[in-house]
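Student: One structure, as structure tokens, below. Some questions next.
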Amino acid sequence: MEEALHDIDRLFYTLRLVLDFERVKGIIFGTFSSIKFDLQFGSVEQMLIAHLHDLDIPVCCGFPVGSNSCLPLIEGAPCSLDVTLDKAILTFNVEGSVETYDTGKEQPQLLKPELVAI
């Protein structure tokens, strides 16, 4: 299903108006496919930079999660996100067991490098 970029843009305007981003420690996006480019942005990532540039948090696009991947995101689990220019590492700590996902081979689009505990 093709999604129009202006619909995603509108969603981010709404999120910025209604959510308290003071509590957000990092943002992870999967891949965006089947996008109809109907705005001035050349990519979804460029649009996300425009919406999130003022936040002092790591932002990663292209992380291998979502409908095209088998990697789970564990809701509510303590985790850390380490974003560098060439990879992102997401580490979960669940009941003393640590699970790490390293995107070094998959080359995600990394927007803001940082290390943060979420």
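Residues are referred to by chain and number: the chain letter is A, B, ... according to the order shown in the structure tokens, the number counts from 1 in that chain, and ligands are numbered separately from 1 in the order shown.
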Do a neighbour search on Glu99 in chain A at 10 Å with only C-alpha atoms, toss out local chain neighbours closer than 6 positions, and write the hits as number ranges by chain.
Tutor: A: 79, 90-93
Student: With only C-alpha atoms as the counted atoms, please give the residues lying no more than 9 Å from Ile89 in chain A, apart from itself and same-chain residues fewer than 2 positions off, as a list in words.
Tutor: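 Surrounding residues, per the criterion: Ser80, Leu81, Asp82, Val83, Thr84, Lys87, Thr91, Thr100, Tyr101, Asp102, Thr103 and Gly104 of chain A.
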Student: Suppose we keep N, CA and C atoms; can you now write the selection as a PDB file, in the first residue's frame?
Tutor:
```
ATOM      1  N   SER A  80      19.179   0.140  25.669  1.00  0.00           N
ATOM      2  CA  SER A  80      20.049   1.252  25.291  1.00  0.00           C
ATOM      3  C   SER A  80      20.179   1.252  23.781  1.00  0.00           C
ATOM      4  N   LEU A  81      20.321   2.436  23.208  1.00  0.00           N
ATOM      5  CA  LEU A  81      20.457   2.614  21.766  1.00  0.00           C
ATOM      6  C   LEU A  81      21.751   3.373  21.524  1.00  0.00           C
ATOM      7  N   ASP A  82      22.655   2.754  20.794  1.00  0.00           N
ATOM      8  CA  ASP A  82      23.937   3.370  20.452  1.00  0.00           C
ATOM      9  C   ASP A  82      23.938   3.594  18.945  1.00  0.00           C
ATOM     10  N   VAL A  83      23.870   4.860  18.527  1.00  0.00           N
ATOM     11  CA  VAL A  83      23.818   5.207  17.106  1.00  0.00           C
ATOM     12  C   VAL A  83      25.127   5.887  16.741  1.00  0.00           C
ATOM     13  N   THR A  84      25.838   5.307  15.766  1.00  0.00           N
ATOM     14  CA  THR A  84      27.053   5.925  15.243  1.00  0.00           C
ATOM     15  C   THR A  84      26.820   6.230  13.770  1.00  0.00           C
ATOM     16  N   LYS A  87      26.539   2.483  12.086  1.00  0.00           N
ATOM     17  CA  LYS A  87      25.670   1.411  12.572  1.00  0.00           C
ATOM     18  C   LYS A  87      24.884   1.872  13.782  1.00  0.00           C
ATOM     19  N   THR A  91      20.226  -2.647  22.548  1.00  0.00           N
ATOM     20  CA  THR A  91      20.445  -3.697  23.538  1.00  0.00           C
ATOM     21  C   THR A  91      19.297  -3.689  24.534  1.00  0.00           C
ATOM     22  N   THR A 100      21.204  -8.247  22.144  1.00  0.00           N
ATOM     23  CA  THR A 100      21.730  -7.118  21.373  1.00  0.00           C
ATOM     24  C   THR A 100      21.441  -7.312  19.891  1.00  0.00           C
ATOM     25  N   TYR A 101      21.012  -6.230  19.234  1.00  0.00           N
ATOM     26  CA  TYR A 101      20.814  -6.204  17.786  1.00  0.00           C
ATOM     27  C   TYR A 101      21.773  -5.178  17.206  1.00  0.00           C
ATOM     28  N   ASP A 102      22.634  -5.610  16.314  1.00  0.00           N
ATOM     29  CA  ASP A 102      23.649  -4.754  15.709  1.00  0.00           C
ATOM     30  C   ASP A 102      23.343  -4.624  14.229  1.00  0.00           C
ATOM     31  N   THR A 103      23.183  -3.412  13.745  1.00  0.00           N
ATOM     32  CA  THR A 103      22.849  -3.185  12.340  1.00  0.00           C
ATOM     33  C   THR A 103      24.075  -2.960  11.476  1.00  0.00           C
ATOM     34  N   GLY A 104      25.253  -3.264  11.975  1.00  0.00           N
ATOM     35  CA  GLY A 104      26.487  -2.995  11.246  1.00  0.00           C
ATOM     36  C   GLY A 104      26.498  -3.513   9.823  1.00  0.00           C
TER      37      GLY A 104
END
```
Student: Let me make sure I understand: among A:Leu55, A:Leu5, A:Val65, A:Val98, which one has the smallest atom-to-atom distance to Gly42 in chain A if we use only C-alpha atoms?
Tutor: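 Using only C-alpha atoms, the shortest distance to Gly42 in chain A belongs to A:Leu5.
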Student: Pick out the residues sitting within 10 Å of Phe32 in chain A, and hand them over as a PyMOL selection string; count only C-alpha atoms, and ignore anything fewer than 4 positions along from it in its own chain.
Tutor: chain A and resi 3+43-45+61-62+66
Student: Taking 5 positions as the minimum chain separation for residues in the same chain, which residues sit within 8 Å of Glu2 in chain A when counting only C-alpha atoms? Answer as an mmCIF file with N, CA, C and O atoms, in the first residue's frame.
Tutor:
```
data_model
loop_
_atom_site.group_PDB
_atom_site.id
_atom_site.type_symbol
_atom_site.label_atom_id
_atom_site.label_comp_id
_atom_site.auth_asym_id
_atom_site.auth_seq_id
_atom_site.Cartn_x
_atom_site.Cartn_y
_atom_site.Cartn_z
ATOM 1 N N SER A 33 8.855 2.039 2.725
ATOM 2 C CA SER A 33 8.757 1.586 1.338
ATOM 3 C C SER A 33 7.405 2.024 0.786
ATOM 4 O O SER A 33 6.483 2.340 1.526
ATOM 5 N N SER A 34 7.294 2.061 -0.495
ATOM 6 C CA SER A 34 6.055 2.445 -1.184
ATOM 7 C C SER A 34 5.575 3.828 -0.753
ATOM 8 O O SER A 34 4.416 4.023 -0.404
ATOM 9 N N ILE A 35 6.464 4.782 -0.782
ATOM 10 C CA ILE A 35 6.122 6.156 -0.414
ATOM 11 C C ILE A 35 5.878 6.969 -1.676
ATOM 12 O O ILE A 35 6.666 6.927 -2.625
ATOM 13 N N LYS A 36 4.793 7.697 -1.692
ATOM 14 C CA LYS A 36 4.497 8.615 -2.785
ATOM 15 C C LYS A 36 5.069 9.982 -2.402
ATOM 16 O O LYS A 36 4.608 10.618 -1.459
#
```
Student: Quick one: pull the distance between CA of Thr14 in chain A and CA of Ile57 in chain A, Å, one decimal.
Tutor: 19.3 Å
Student: Residues of chain A classed as helix (DSSP H, G or I) by DSSP on the backbone are to be reported as a VMD selection string.
Tutor: chain A and resid 5 to 18 21 to 23 44 to 52
Student: Tell me, as an MDAnalysis selection string, which residues lie within 9 Å of range 94-97 of chain A, counting only C-alpha atoms; anything in the same chain fewer than 3 positions away does not count.
Tutor: chainID A and resid 74 77:79
Student: Any chance you could export the current selection's N, CA and C atoms as a PDB file, in the first residue's frame?
Tutor:
```
ATOM      1  N   ILE A  74      10.999  -5.146  22.285  1.00  0.00           N
ATOM      2  CA  ILE A  74      10.405  -5.604  23.533  1.00  0.00           C
ATOM      3  C   ILE A  74       9.875  -4.389  24.286  1.00  0.00           C
ATOM      4  N   ALA A  77      10.802  -3.004  28.169  1.00  0.00           N
ATOM      5  CA  ALA A  77      12.083  -3.530  28.653  1.00  0.00           C
ATOM      6  C   ALA A  77      13.120  -2.422  28.695  1.00  0.00           C
ATOM      7  N   PRO A  78      13.971  -2.418  29.729  1.00  0.00           N
ATOM      8  CA  PRO A  78      15.076  -1.463  29.735  1.00  0.00           C
ATOM      9  C   PRO A  78      15.992  -1.731  28.539  1.00  0.00           C
ATOM     10  N   CYS A  79      16.422  -0.680  27.871  1.00  0.00           N
ATOM     11  CA  CYS A  79      17.272  -0.879  26.697  1.00  0.00           C
ATOM     12  C   CYS A  79      18.196   0.312  26.528  1.00  0.00           C
TER      13      CYS A  79
END
```
Student: Which polymer residues have any atom within 12 Å of an atom of Phe41 in chain A, counting only C-alpha atoms, with same-chain residues fewer than 3 positions away left out, as a ChimeraX atom specification?
Tutor: /A:4-6,8-9,35-38,44-51
Student: Please return as a PyMOL selection string: the residues of range 44-88 of chain A that backbone DSSP assigns to strand (DSSP E or B).
Tutor: chain A and resi 59-61+79-83+88
Student: Taking only C-alpha atoms into account, which of A:Phe12, A:Asp7, A:Pro72, A:Cys60 comes nearest Ile27 in chain A?
Tutor: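 Comparing A:Phe12, A:Asp7, A:Pro72, A:Cys60 against Ile27 in chain A, the winner is A:Cys60.
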